[in-house]
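Structure first, then comments.
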Amino acid sequence: MGRFIYDTMANSVELEDRTLAHLRIVIMNKLRRSESFMFDVDMNDGTGRRTFWIHPSVPIQLHFFGTRPPRINRFWIDELMKSASGPNGLTITPEPVEDESAAVEG
């Protein structure tokens, strides 16, 4: 399990390292273009959901507990990017089956 930290530890969510690696790509691409967006996530601890307004001026930390970067599924990146650009913001969707020829090393 990794951790997405938005500004302070009080604004953090535990996520699987694999999911976090894919979110990292989406979030950094959006912020690189100075695009703000909502990120809606299940808290995974029974306390419900939380929505973050992701803005380039707010510090973000992505803490990976594993040492090996996971393979990146380009299909999942595409789905997450579409979600982040949509009216409801970024939500974590189930990982689609990847085409072996489309996978890249992370």
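We name chains A, B, ... following the order of the structure tokens; residues begin at 1 in each chain, and ligands are numbered from 1 as shown.
Those residues that approach region 10-16 of chain A to within 10 Å, counting only C-alpha atoms, are Met1, Gly2, Arg3, Phe4, Leu23, Val41, Asp42, Met43, Asn44, Asp45, Arg50, Phe52, Ile60, Gln61, Leu62, His63, Phe64, Phe65 and Gly66 of chain A; same-chain residues fewer than 6 positions away are not listed.
Every residue of region 30-94 of chain A with a DSSP assignment of alpha helix (DSSP H), taken from the backbone, is listed as Lys30, Leu31, Arg32, Arg74, Phe75, Trp76, Ile77, Asp78, Glu79, Leu80, Met81, Lys82, Ser83, Ala84 and Ser85 of chain A.
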*Excluding region 70-87 of chain A and any residue of its chain fewer than 3 positions from it, enumerate the residues within 10 Å of it, using only C-alpha atoms, and give them as a PyMOL selection string.*
chain A and resi 17-27+29-30+35-40+66-67+90-100+102-106
Taking N, CA, C and O atoms for each residue, export the selection above as a short mmCIF file (atom, residue, chain, number, x, y, z; two decimals), in the first residue's frame.
```cif
data_model
loop_
_atom_site.label_atom_id
_atom_site.label_comp_id
_atom_site.auth_asym_id
_atom_site.auth_seq_id
_atom_site.Cartn_x
_atom_site.Cartn_y
_atom_site.Cartn_z
N ASP A 17 0.11 0.46 -4.46
CA ASP A 17 1.21 1.06 -5.20
C ASP A 17 0.94 1.08 -6.71
O ASP A 17 1.26 2.05 -7.39
N ARG A 18 0.33 0.01 -7.22
CA ARG A 18 0.05 -0.06 -8.65
C ARG A 18 -0.92 1.05 -9.07
O ARG A 18 -0.72 1.73 -10.07
N THR A 19 -1.97 1.24 -8.29
CA THR A 19 -2.94 2.30 -8.56
C THR A 19 -2.26 3.66 -8.45
O THR A 19 -2.43 4.53 -9.31
N LEU A 20 -1.47 3.83 -7.41
CA LEU A 20 -0.78 5.10 -7.18
C LEU A 20 0.18 5.44 -8.33
O LEU A 20 0.28 6.61 -8.74
N ALA A 21 0.84 4.45 -8.88
CA ALA A 21 1.75 4.69 -10.00
C ALA A 21 1.00 5.22 -11.22
O ALA A 21 1.49 6.11 -11.94
N HIS A 22 -0.19 4.71 -11.46
CA HIS A 22 -1.00 5.18 -12.58
C HIS A 22 -1.56 6.57 -12.31
O HIS A 22 -1.56 7.44 -13.19
N LEU A 23 -2.00 6.80 -11.07
CA LEU A 23 -2.49 8.13 -10.71
C LEU A 23 -1.38 9.17 -10.82
O LEU A 23 -1.62 10.30 -11.23
N ARG A 24 -0.18 8.79 -10.47
CA ARG A 24 0.97 9.70 -10.56
C ARG A 24 1.12 10.25 -11.97
O ARG A 24 1.30 11.45 -12.17
N ILE A 25 1.02 9.39 -12.95
CA ILE A 25 1.17 9.82 -14.34
C ILE A 25 0.05 10.79 -14.72
O ILE A 25 0.30 11.84 -15.33
N VAL A 26 -1.18 10.45 -14.36
CA VAL A 26 -2.33 11.29 -14.71
C VAL A 26 -2.22 12.64 -14.01
O VAL A 26 -2.35 13.70 -14.63
N ILE A 27 -1.99 12.62 -12.70
CA ILE A 27 -1.93 13.87 -11.93
C ILE A 27 -0.80 14.76 -12.43
O ILE A 27 -0.99 15.97 -12.63
N ASN A 29 0.62 14.84 -15.35
CA ASN A 29 0.32 15.37 -16.69
C ASN A 29 -0.67 16.53 -16.62
O ASN A 29 -0.53 17.52 -17.32
N LYS A 30 -1.68 16.40 -15.77
CA LYS A 30 -2.66 17.49 -15.62
C LYS A 30 -2.00 18.73 -15.00
O LYS A 30 -2.19 19.84 -15.49
N GLU A 35 -3.54 22.46 -15.10
CA GLU A 35 -4.97 22.16 -15.07
C GLU A 35 -5.37 21.67 -13.69
O GLU A 35 -4.84 20.69 -13.19
N SER A 36 -6.32 22.36 -13.08
CA SER A 36 -6.89 21.93 -11.81
C SER A 36 -8.03 20.95 -12.10
O SER A 36 -8.65 21.02 -13.15
N PHE A 37 -8.31 20.06 -11.14
CA PHE A 37 -9.38 19.08 -11.34
C PHE A 37 -9.74 18.46 -10.00
O PHE A 37 -9.00 18.58 -9.02
N MET A 38 -10.90 17.82 -9.95
CA MET A 38 -11.32 17.10 -8.75
C MET A 38 -10.78 15.67 -8.80
O MET A 38 -10.66 15.08 -9.86
N PHE A 39 -10.47 15.15 -7.63
CA PHE A 39 -10.06 13.76 -7.46
C PHE A 39 -10.95 13.18 -6.37
O PHE A 39 -10.89 13.59 -5.22
N ASP A 40 -11.81 12.25 -6.74
CA ASP A 40 -12.77 11.62 -5.84
C ASP A 40 -12.28 10.21 -5.54
O ASP A 40 -12.05 9.42 -6.46
N GLY A 66 6.46 -0.07 -1.94
CA GLY A 66 7.25 -1.05 -2.67
C GLY A 66 8.49 -0.42 -3.28
O GLY A 66 8.56 0.80 -3.46
N THR A 67 9.47 -1.22 -3.60
CA THR A 67 10.71 -0.70 -4.17
C THR A 67 10.77 -0.81 -5.69
O THR A 67 11.56 -0.13 -6.32
N LEU A 90 -11.44 13.08 -11.58
CA LEU A 90 -10.71 11.82 -11.56
C LEU A 90 -11.29 10.88 -10.52
O LEU A 90 -11.42 11.23 -9.35
N THR A 91 -11.68 9.70 -10.98
CA THR A 91 -12.08 8.63 -10.07
C THR A 91 -11.29 7.38 -10.48
O THR A 91 -10.95 7.21 -11.65
N ILE A 92 -11.02 6.54 -9.53
CA ILE A 92 -10.26 5.34 -9.80
C ILE A 92 -11.21 4.29 -10.37
O ILE A 92 -12.13 3.85 -9.69
N THR A 93 -10.97 3.93 -11.60
CA THR A 93 -11.77 2.91 -12.27
C THR A 93 -11.03 1.58 -12.19
O THR A 93 -9.81 1.56 -11.99
N PRO A 94 -11.74 0.47 -12.35
CA PRO A 94 -11.04 -0.83 -12.37
C PRO A 94 -10.04 -0.87 -13.53
O PRO A 94 -10.30 -0.31 -14.59
N GLU A 95 -8.93 -1.51 -13.30
CA GLU A 95 -7.91 -1.62 -14.34
C GLU A 95 -8.41 -2.49 -15.47
O GLU A 95 -8.82 -3.63 -15.25
N PRO A 96 -8.39 -1.97 -16.72
CA PRO A 96 -8.80 -2.79 -17.86
C PRO A 96 -7.72 -3.81 -18.21
O PRO A 96 -6.56 -3.65 -17.85
N VAL A 97 -8.14 -4.84 -18.91
CA VAL A 97 -7.18 -5.83 -19.40
C VAL A 97 -6.26 -5.12 -20.37
O VAL A 97 -6.70 -4.37 -21.24
N GLU A 98 -4.96 -5.32 -20.18
CA GLU A 98 -4.01 -4.65 -21.05
C GLU A 98 -3.55 -5.55 -22.18
O GLU A 98 -3.45 -6.76 -22.03
N ASP A 99 -3.31 -4.93 -23.30
CA ASP A 99 -2.73 -5.61 -24.43
C ASP A 99 -1.23 -5.70 -24.16
O ASP A 99 -0.59 -4.68 -23.92
N GLU A 100 -0.66 -6.88 -24.15
CA GLU A 100 0.75 -7.05 -23.83
C GLU A 100 1.66 -6.16 -24.67
O GLU A 100 2.67 -5.68 -24.20
N ALA A 102 1.02 -3.20 -25.60
CA ALA A 102 0.85 -1.79 -25.22
C ALA A 102 1.45 -1.48 -23.85
O ALA A 102 1.57 -0.33 -23.47
N ALA A 103 1.86 -2.50 -23.10
CA ALA A 103 2.41 -2.26 -21.77
C ALA A 103 3.82 -1.69 -21.87
O ALA A 103 4.57 -2.00 -22.79
N VAL A 104 4.14 -0.82 -20.93
CA VAL A 104 5.48 -0.25 -20.86
C VAL A 104 6.03 -0.49 -19.47
O VAL A 104 5.28 -0.61 -18.52
N GLU A 105 7.32 -0.55 -19.37
CA GLU A 105 7.94 -0.71 -18.05
C GLU A 105 7.88 0.62 -17.34
O GLU A 105 8.07 1.67 -17.93
N GLY A 106 7.56 0.60 -16.03
CA GLY A 106 7.43 1.81 -15.22
C GLY A 106 8.72 2.26 -14.62
O GLY A 106 9.73 1.74 -14.59
#
```
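The strand (DSSP E) portion of region 37-77 of chain A consists of Phe37, Met38, Phe39, Asp40, Val41, Asp42, Arg49, Arg50, Thr51, Phe52, Trp53, Ile54, Ile60, Gln61, Leu62 and His63 of chain A, with states taken from DSSP on the backbone.
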Go ahead and save the residues from that selection, with N, CA, C and O atoms, as an mmCIF file, in the first residue's frame.
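See out.cif below for the written result:
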```cif
data_model
loop_
_atom_site.group_PDB
_atom_site.id
_atom_site.type_symbol
_atom_site.label_atom_id
_atom_site.label_comp_id
_atom_site.auth_asym_id
_atom_site.auth_seq_id
_atom_site.Cartn_x
_atom_site.Cartn_y
_atom_site.Cartn_z
ATOM 1 N N PHE A 37 -8.307 20.063 -11.143
ATOM 2 C CA PHE A 37 -9.375 19.081 -11.336
ATOM 3 C C PHE A 37 -9.742 18.465 -9.997
ATOM 4 O O PHE A 37 -8.999 18.581 -9.021
ATOM 5 N N MET A 38 -10.895 17.819 -9.950
ATOM 6 C CA MET A 38 -11.316 17.098 -8.753
ATOM 7 C C MET A 38 -10.777 15.672 -8.797
ATOM 8 O O MET A 38 -10.663 15.082 -9.864
ATOM 9 N N PHE A 39 -10.465 15.146 -7.628
ATOM 10 C CA PHE A 39 -10.060 13.756 -7.459
ATOM 11 C C PHE A 39 -10.950 13.175 -6.372
ATOM 12 O O PHE A 39 -10.894 13.587 -5.218
ATOM 13 N N ASP A 40 -11.805 12.246 -6.740
ATOM 14 C CA ASP A 40 -12.765 11.623 -5.837
ATOM 15 C C ASP A 40 -12.284 10.212 -5.538
ATOM 16 O O ASP A 40 -12.051 9.424 -6.459
ATOM 17 N N VAL A 41 -12.121 9.881 -4.259
ATOM 18 C CA VAL A 41 -11.524 8.595 -3.904
ATOM 19 C C VAL A 41 -12.213 7.992 -2.679
ATOM 20 O O VAL A 41 -12.602 8.697 -1.754
ATOM 21 N N ASP A 42 -12.349 6.669 -2.699
ATOM 22 C CA ASP A 42 -12.852 5.901 -1.559
ATOM 23 C C ASP A 42 -11.736 5.859 -0.516
ATOM 24 O O ASP A 42 -10.585 5.559 -0.840
ATOM 25 N N ARG A 49 -16.090 8.492 1.222
ATOM 26 C CA ARG A 49 -15.321 9.009 0.097
ATOM 27 C C ARG A 49 -14.832 10.404 0.427
ATOM 28 O O ARG A 49 -15.411 11.106 1.246
ATOM 29 N N ARG A 50 -13.786 10.817 -0.258
ATOM 30 C CA ARG A 50 -13.253 12.161 -0.091
ATOM 31 C C ARG A 50 -12.987 12.740 -1.472
ATOM 32 O O ARG A 50 -12.535 12.042 -2.363
ATOM 33 N N THR A 51 -13.279 14.018 -1.622
ATOM 34 C CA THR A 51 -12.996 14.713 -2.870
ATOM 35 C C THR A 51 -11.929 15.761 -2.604
ATOM 36 O O THR A 51 -12.064 16.578 -1.690
ATOM 37 N N PHE A 52 -10.871 15.715 -3.404
ATOM 38 C CA PHE A 52 -9.783 16.689 -3.333
ATOM 39 C C PHE A 52 -9.872 17.591 -4.552
ATOM 40 O O PHE A 52 -10.092 17.101 -5.667
ATOM 41 N N TRP A 53 -9.692 18.886 -4.381
ATOM 42 C CA TRP A 53 -9.546 19.799 -5.509
ATOM 43 C C TRP A 53 -8.051 19.902 -5.759
ATOM 44 O O TRP A 53 -7.312 20.497 -4.965
ATOM 45 N N ILE A 54 -7.596 19.276 -6.837
ATOM 46 C CA ILE A 54 -6.169 19.228 -7.145
ATOM 47 C C ILE A 54 -5.793 20.503 -7.891
ATOM 48 O O ILE A 54 -6.347 20.811 -8.946
ATOM 49 N N ILE A 60 1.895 17.973 -3.280
ATOM 50 C CA ILE A 60 1.428 16.586 -3.338
ATOM 51 C C ILE A 60 2.624 15.676 -3.097
ATOM 52 O O ILE A 60 3.707 15.909 -3.629
ATOM 53 N N GLN A 61 2.397 14.636 -2.303
ATOM 54 C CA GLN A 61 3.406 13.598 -2.120
ATOM 55 C C GLN A 61 2.775 12.266 -2.473
ATOM 56 O O GLN A 61 1.616 12.012 -2.138
ATOM 57 N N LEU A 62 3.526 11.434 -3.140
ATOM 58 C CA LEU A 62 3.098 10.080 -3.446
ATOM 59 C C LEU A 62 4.132 9.152 -2.820
ATOM 60 O O LEU A 62 5.281 9.124 -3.243
ATOM 61 N N HIS A 63 3.728 8.447 -1.789
ATOM 62 C CA HIS A 63 4.640 7.587 -1.042
ATOM 63 C C HIS A 63 4.384 6.137 -1.444
ATOM 64 O O HIS A 63 3.324 5.588 -1.155
#
```
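Separating CA of Pro69 (chain A) from CA of His55 (chain A) is a distance of 25.5 Å.
In this structure, CA of Arg33 (chain A) sits 20.5 Å away from CA of Ile5 (chain A).
In terms of minimum interatomic distance to Leu31 (chain A), A:Pro56 ranks closest within A:Pro56, A:Asn88, A:Arg68, A:Tyr6, counting only C-alpha atoms.
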